[in-house]
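Beneath this line is the structure, given in structure tokens, with notes to follow.
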Amino acid sequence: MALLQIAEPGQSAEPHRHRLAVGIDLGTTYSLVATVRNSIPVVLDDAEGRSLLPSVVRFSADDDAEVGYAAQKQQAIDPRNTITSVKRFMGRGMKDVEHIENLPYDFVDAPGMLQLRTAAGVRSPVEVSAEILRALRKRAETALGGDLVGAVITVPAYFDDAQRQATKDAARLAGLNVLRLLNEPTAAAVAYGLDHGAEGIYAVYDLGGGTFDISILKLTKGVFEVLATGGDTALGGDDFDQRLFCSVVEKSKLQPLSMQDARLLMVKSREVKEQLSAEPDVRFSAVLATGEVVDLSLASREFADMTQPLVEKTLAACRKALRDAGLRAADIKGVVMVGGATRMPHLRKAVAQFFGQTPLTNIDPDTVVALGASIQANLLAGNGAPGDDWLLLDVIPLSLGLETMGGLVEKIIPRNSTIPIARAQEFTTFKDGQTAIALHVVQGERELVSDCRSLARFELRGIPPMAAGAARIRVEFQVDADGLLSVSAKEKSTGIEATIAVKPSYGLADADIERMLRDSFQHAKEDVHARALAESRVEGERLVEATQSALQADGALLSDAEKGEIEAWLQQLRQAIPGKDHRAIKQAMEALGRATDAFAARRMDAGIKRALAGRKIGSF
Amino acid sequence: MSHPDHFQLFHLPASFALDGDALDRAFRSVQSSVHPDRHASGSPVERRVAMQWATRANEAYQTLKSPLKRAAYLCEQAGVPIEAESNTAMPAAFLHQQMEWREALDEVREGGDAEALRELDCTMAAERERLIGELHQALDVDRDHARAAALVRQLMFVEKYATEVGLAGHAFEDAERRD
């Protein structure tokens with residue numbers, strides 16, 4: 001049967017084979033994994049039936065890292081080695097983290113991204129996150145009984161390029177094939193919109209443990225189009241705990257706290273915050289290691305007052321996103337609340353007042369992002385059923401630009417541009433005979449380079465010497481569907497082309513990633529070569545399958561000679577896969593890739609024609 | 001690979017007058033077929049081609065959706081570049097009008113007169129409509145691309161100015177909230 005199957009691009013040629021794919025919500029305080037089972041998205045529980053995995057990792061000198069509840073239990077005893085809220089450090093340097101002096105960790109300042117010194121050695125936030133992802137991957141593979149084809153991992157919509165790249169690197173370290181980085185509010189909109197058949201303009205207000213996002217989306221006939229997004233990647237429920245904690249310390253006139261006592265009071269602050277969502281008055285009582293007793297009463301009214309500036313900060317971001325979308329609050333049809341922190345009654349009230357309507361809270365704010373991600377993962381893995389043809393059109397949250405003379409920023413791609421997007425700009429030399437030009441890529445909305453985030457610096461060399469202003473250097477920015485940037489530059493006035501392409505990587509060079517991979521294998525007593533071979537085989541098989549299904553679907557677009565050539569390379573790859581040399585597999589894959597270049601372009605062309613022809617008879 | 005222009009990509013007639021709904025529908029159809037999400041389980045080559053086409057579709061859509069960008073694109077396609085930076089020649093009457101508007105905005109900003117700002121906003125909307133009407137005449141009827149390019153430069157000014165009026169409005173709103 002499968003041989004006669006005609007597949008649409010993107011759909012599996014073998015509809016009966018379900019590919020295991022998951023959606024992962026890698027949260028600041030909790031993480032989750034979900035999958036689509038029998039057409040229904042479900043969160044996967046651990047062996048004890050718990051769906052949330054605390055995003056806590058504890059390192060010790062000799063054992064494997066502990067992740068989740070086991071690690072969380074140790075945090076008051078071993079705060080230095082028990083890393084919580086690591087998401088706040090992703091793609092961040094020490095100077096970027098607020099209140100870093102209050103944190104119990106031994107930070108190591110490193111270019112680009114900070115690191116943490118633990119009992120198990122120095123760890124990058126990427127490696128810490130990879131431990132969480134690995135735990136979720138194992139949970140999923142146990143529950144589903146097989147290897148995963150891939151995962152959709154969610155990120156805050158307001159994450160910049162450094163934070164996104166760090167997340168993708170963490171997934172790579174955890175052995176996950178990333179099908180897509182998906183913005184958290186968009187994932188929530190998918191879960192909500194598909195479930196409720198929503199049409200119109202919606203706002204997704206997403207206040208997680210450590211990040212805040214607001215996305216304005218237009219839902220039309222299965223298209224989720226993000227109009228604008230805004231937020232703050234260093235504002236979340238944790239900050240509400242922090243305010244409560246500070247107020248308690250101040251009121252109780254406590255001596256300087258030890259690390260353990262500080263952690264104890266922080267944990268207590270979170271509990272009390274959660275209780276205040278249900279009760280008007282809550283007692284805050286704790287006994288410190290010093291014997292001091294903390295005992296006071298807190299009213300929800302008081303808590304609302306002390307956190308009002310935080311609430312106002314989120315509303316300011318909402319206002320900005322509405323303006324960017326060219327809309328007013330009255331244009332919004334519904335407001336979807338996401339994230340555990342949106343349970344706070346005073347916050348809900350403020351949001352209701354801002355948008356002039358009661359926000360939608362009928363979906364579990366803790367699981368909706370993971371569920372939406374799993375729905376998208378299922379589609380991307382090729383498990384879509386007929387009719388599953390929704391489309392997500394997301395945007396880049398922050399403008400991308402280059403440093404020009406005088407420390408100013410020339411914006412190349414403005415914020416809220418629909419991705420994928422490419423933009424090019426021409427620059428020139430300013431000195432006679434100049435043969436190199438330094439490029440500094442930045443992200444942010446400010447005019448001055450020093451106020452924006454530095455993403456990458458690189459040099460274009462080998463420009464032929466000529467008069468100042470004569471060179472024409474074309475710099476192209478490409479942002480892919482994951483929201484990740486790559487930059488290339490080319491000198492075009494002469495025949496000689498100097499081209500350079502960079503992927504910003506924030507202190508994590510490919511070599512660093514390789515080292516981390518090696519370390520993690522050594523630790524897991526796995527063989528690096530065996531792993532590389534296994535991965536190449538999986539990738540090779542995936543390519544064989546994709547090529548076969550392309551030939552079945554659109555073989556008619558090829559001449560016999562062309563088809564023969566592709567089949568010959570396909571055969572080469574099939575023969576290389578059972579071999580022991582992973583490089584031979586890679587080479588065969590590359591050769592097949594080159595041979596199918598023109599075919600892929602022709603298929604895309606044919607696909608567009610089909611899509612537009614189909615539209616004329618009213619199918620869209 | 002064929003290299004259709006923006007209109008050909010969406011199977012739309014190459015004119016300034018455009019059916020916005022048809023453009024939206026065509027964009028969704030094309031994007032539904034080329035978007036990287038549709039090819040996530042394809043080969044690396046297929047995924048790369050998908051990204052390039054989706055990038056093109058976004059670019060074409062953004063260009064055609066905006067009357068200003070659409071007009072500029074039609075001029076450039078006809079071999080008449082806009083040269084917004086180098087060619088600042090404008091009819092004397094329009095230059096005179098520009099100066100008046102600038103002064104009006106400065107006055108409104110200083111005086112914090114919200115009603116006058118709304119009036120300016122309406123004036124700019126009307127001016128924009130007028131220029132779009134003239135662009136239609138120049139591009140679709142007279143096929144006078146040189147005149148159209150001059151109109152595009154005027155529309156550029158009007159849109160930039162309208163943005164400033166909008167920003168001034170936001171500043172007023174923010175000030176009100178603080179009081």
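Going through the structure tokens in order, the chains are called A, B, and so on, while each chain numbers its residues from 1 and the ligands are numbered from 1 in the order shown.
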What residues in chain B have any atom no more than 10 Å from chain A when counting only C-alpha atoms, and can you write them as number ranges by chain?
B: 1-3, 9-11, 25-59, 62, 166-167, 170, 174
Need the shell around Leu18 in chain B: protein/DNA/RNA residues with any atom at most 9 Å away, counting only C-alpha atoms. Skip same-chain ones fewer than 5 positions apart. Format as an mmCIF file with C-alpha atoms, in the first residue's frame?
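Okay, selection.cif is ready:
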```cif
data_model
loop_
_atom_site.group_PDB
_atom_site.id
_atom_site.type_symbol
_atom_site.label_atom_id
_atom_site.label_comp_id
_atom_site.auth_asym_id
_atom_site.auth_seq_id
_atom_site.Cartn_x
_atom_site.Cartn_y
_atom_site.Cartn_z
ATOM 1 C CA LEU B 12 -1.807 38.301 -8.755
ATOM 2 C CA PRO B 13 -1.918 40.947 -11.488
ATOM 3 C CA LEU B 23 -3.425 38.881 -1.291
ATOM 4 C CA LEU B 64 2.668 44.143 -1.495
ATOM 5 C CA LYS B 65 0.594 44.709 1.640
#
```
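Across the model, the gap from CA of Ala171 in chain B to CA of Leu402 in chain A is 28.1 Å.
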Mind checking which residues fall within 6 Å of range 136-151 of chain B, counting only C-alpha atoms, ignoring those fewer than 5 positions away in the same chain, and posting them as a list in words?
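So the residues in contact are Phe16, Cys75 and Ile82 of chain B.
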Of the listed residues A:Ile577, A:Ile396, A:Val282, A:Ala143, that which approaches Val226 in chain A most closely, counting only C-alpha atoms:
A:Ile396
